[in-house]
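Please read the structure below before turning to the comments.
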Amino acid sequence: MDLTTSYLGLKLKNPLMPGASPMAHTLDRVRRLEDAGAAAVVMHSLFEEQITNDQIAEFSHTEMAAESFSEATSYFPHMEDYALGPDRYLNHISKLKEAVDIPVIGSLNGVSMGGWTDHAKLIQEAGADALELNVYYVATDPDEPGVAVEKRTLDILESVKESIDIPIAVKLSPFFSSPGHFAKQLDAVGAAGVIMFNRFYQPDIDIEELEATHRLDLSNSTELRLRLRWAAILHGNIKGDIAISGGVHTVDDVVKAIMCGASAVQVVSALLKYGPAHIGSMVSALKHWLEDHEYDSVDQMRGSMSLEHAPDRSVFERANYLKVLQLWEV
């Protein structure tokens, strides 16, 4: 049974990998993930705020008295809020490359051009096999048009691509007005792949304290459906690879993702809940599923339920909305 797949030009032993998360924080945990069967590992994101804080701190020690800019630094998150600062992040990539044989994929998260290209180069130099551009931008300005939001990401991708040689994937938000068209634009600029989708953690409201609160809710398999729809629509329409992230918990989820066109499947919440061994259970279950359903390889079933090949195209289109509403009886 051939479980191998190609993702971002990397030959992987199977389609399953931990996505950007705390799972990559320690060498021991990444070794356990590799032993369990993970085909690659995605580093948690290096945030633009970390880079900015680091640059301000360096400037403060060399150019200015601390008290003269203390108010300015208060606008940035405290460095202890992040797992690894920029230097430790790069060092961690180097140590991971020495510790494991599977590909290590770096991740950058930001909204402006500053610092992206320089740190992309440093991530490449640290040994990363590929890079995710983790686009987490909330368009809060009602006067900012959607085309400007898209252009920002396209410009960042183009700039980063000119500065490094390793393949680049873009982790998309599901909130673009036309994800398919935007993915094709990224493809034209040279993205080696797209990841669908980033999970935006929404603030809640404490109605007693009258303040916004932060809360982490793990995903569940129902979140996968949005990813399946857009993977199915994109399959065959872009040159780059498609990865699915968000809502992958069971082998059925993995099979659905591949059938809709995914080359790789990223798992986070299920690993946080069940531990590194869970990825081994999913790999084993995938092998048995393929055997039971008489597939010779993962490649054989990839895209078989995409929009292009689906027996009923309406399930991905407007007609499905009408059918679902008619199923409910009062």
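Ordering of the structure tokens sets the chain letters (A, B, ...); residue numbers start at 1 within each chain; ligands are numbered from 1 in the order shown.
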
message: Using only C-alpha atoms, which protein or nucleic acid residues come within 10 Å of A:Ser284? Drop anything in the same chain fewer than 5 positions from it, and give the result as number ranges by chain.
response: A: 36-37, 251, 278-279, 289

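Residues in contact with A:Gln300 at 10 Å, where only C-alpha atoms are counted and same-chain residues fewer than 2 positions away are skipped, are listed as Asp2, Ile258, Met259, Leu290, Tyr295, Asp296, Ser297, Val298, Arg302, Gly303 and Ser304 of chain A.
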
Just-selected residues, C-alpha atoms written as a PDB file, in the first residue's frame:
ATOM      1  CA  ASP A   2       1.516   3.304  -1.136  1.00  0.00           C
ATOM      2  CA  ILE A 258      -7.794  13.638   0.062  1.00  0.00           C
ATOM      3  CA  MET A 259     -10.849  12.768  -2.030  1.00  0.00           C
ATOM      4  CA  LEU A 290      -7.389   2.028   1.524  1.00  0.00           C
ATOM      5  CA  TYR A 295      -7.140   1.444  -3.416  1.00  0.00           C
ATOM      6  CA  ASP A 296      -3.495   0.914  -4.305  1.00  0.00           C
ATOM      7  CA  SER A 297      -2.342   4.372  -3.243  1.00  0.00           C
ATOM      8  CA  VAL A 298      -3.320   7.729  -1.814  1.00  0.00           C
ATOM      9  CA  ARG A 302      -7.008  12.149  -4.661  1.00  0.00           C
ATOM     10  CA  GLY A 303      -9.560  14.479  -6.249  1.00  0.00           C
ATOM     11  CA  SER A 304     -12.113  11.740  -6.869  1.00  0.00           C
TER      12      SER A 304
END

message: Just checking: using only C-alpha atoms, which residue out of A:His44, A:Arg225, A:Lys97, A:Lys11 ends up closest to A:Gln124?
response: A:Lys97

task: Find the spatial neighbours of stretch 198-215 of chain A, counting only C-alpha atoms, within a cut-off of 10 Å - ignore same-chain residues fewer than 2 positions away - and output them as a PyMOL selection string.
output: chain A and resi 134-138+170-175+195-196+217-219+223+244-247

File dump, residues just selected, N, CA and C atoms, as a JSON list (two decimals), in the first residue's frame:
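Resulting contents of result_18.json:
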[["chain", "number", "residue", "atom", "x", "y", "z"],
["A", 134, "ASN", "N", 1.54, 32.50, 7.21],
["A", 134, "ASN", "CA", 0.31, 32.35, 7.97],
["A", 134, "ASN", "C", -0.40, 33.70, 8.00],
["A", 135, "VAL", "N", -1.34, 33.90, 7.10],
["A", 135, "VAL", "CA", -1.99, 35.20, 6.94],
["A", 135, "VAL", "C", -3.15, 35.30, 7.92],
["A", 136, "TYR", "N", -2.94, 36.07, 8.98],
["A", 136, "TYR", "CA", -3.96, 36.26, 10.01],
["A", 136, "TYR", "C", -4.20, 37.76, 10.13],
["A", 137, "TYR", "N", -5.06, 38.26, 9.28],
["A", 137, "TYR", "CA", -5.32, 39.70, 9.23],
["A", 137, "TYR", "C", -6.82, 39.95, 9.32],
["A", 138, "VAL", "N", -7.23, 40.70, 10.31],
["A", 138, "VAL", "CA", -8.64, 41.05, 10.47],
["A", 138, "VAL", "C", -8.85, 42.46, 9.93],
["A", 170, "VAL", "N", 0.82, 29.37, 1.37],
["A", 170, "VAL", "CA", 0.08, 30.45, 2.01],
["A", 170, "VAL", "C", -1.12, 29.86, 2.73],
["A", 171, "LYS", "N", -1.20, 30.15, 4.04],
["A", 171, "LYS", "CA", -2.33, 29.69, 4.84],
["A", 171, "LYS", "C", -3.42, 30.75, 4.79],
["A", 172, "LEU", "N", -4.54, 30.39, 4.17],
["A", 172, "LEU", "CA", -5.58, 31.37, 3.87],
["A", 172, "LEU", "C", -6.62, 31.49, 4.97],
["A", 173, "SER", "N", -7.25, 32.64, 5.01],
["A", 173, "SER", "CA", -8.46, 32.86, 5.79],
["A", 173, "SER", "C", -9.66, 32.42, 4.96],
["A", 174, "PRO", "N", -10.73, 31.96, 5.59],
["A", 174, "PRO", "CA", -11.93, 31.61, 4.82],
["A", 174, "PRO", "C", -12.80, 32.82, 4.49],
["A", 175, "PHE", "N", -12.34, 34.03, 4.85],
["A", 175, "PHE", "CA", -13.20, 35.20, 4.76],
["A", 175, "PHE", "C", -12.97, 36.04, 3.51],
["A", 195, "ILE", "N", -3.01, 26.49, 2.10],
["A", 195, "ILE", "CA", -3.56, 25.74, 3.22],
["A", 195, "ILE", "C", -4.92, 26.32, 3.55],
["A", 196, "MET", "N", -5.92, 25.48, 3.66],
["A", 196, "MET", "CA", -7.28, 25.90, 3.89],
["A", 196, "MET", "C", -7.82, 25.24, 5.15],
["A", 217, "ASP", "N", -10.98, 27.29, 21.83],
["A", 217, "ASP", "CA", -11.83, 26.12, 21.66],
["A", 217, "ASP", "C", -11.22, 25.23, 20.59],
["A", 218, "LEU", "N", -11.03, 23.97, 20.91],
["A", 218, "LEU", "CA", -10.50, 23.04, 19.92],
["A", 218, "LEU", "C", -11.53, 22.81, 18.83],
["A", 219, "SER", "N", -11.06, 22.46, 17.66],
["A", 219, "SER", "CA", -11.96, 22.23, 16.53],
["A", 219, "SER", "C", -12.68, 20.90, 16.69],
["A", 223, "GLU", "N", -16.10, 21.36, 11.37],
["A", 223, "GLU", "CA", -15.38, 22.47, 10.74],
["A", 223, "GLU", "C", -14.72, 22.06, 9.43],
["A", 244, "ILE", "N", -5.20, 20.76, 3.85],
["A", 244, "ILE", "CA", -6.37, 21.08, 4.66],
["A", 244, "ILE", "C", -5.97, 21.12, 6.12],
["A", 245, "SER", "N", -6.40, 22.18, 6.81],
["A", 245, "SER", "CA", -6.11, 22.36, 8.22],
["A", 245, "SER", "C", -7.36, 22.86, 8.92],
["A", 246, "GLY", "N", -7.78, 22.14, 9.96],
["A", 246, "GLY", "CA", -8.98, 22.54, 10.69],
["A", 246, "GLY", "C", -10.07, 21.51, 10.58],
["A", 247, "GLY", "N", -10.35, 20.82, 11.67],
["A", 247, "GLY", "CA", -11.44, 19.85, 11.67],
["A", 247, "GLY", "C", -11.04, 18.42, 11.34]]

- request: Mind checking which residues fall within 9 Å of A:Ile238, counting only C-alpha atoms, ignoring those fewer than 3 positions away in the same chain, and posting them as an MDAnalysis selection string?
  value: chainID A and resid 183:184 187:188 193 234:235 241:242
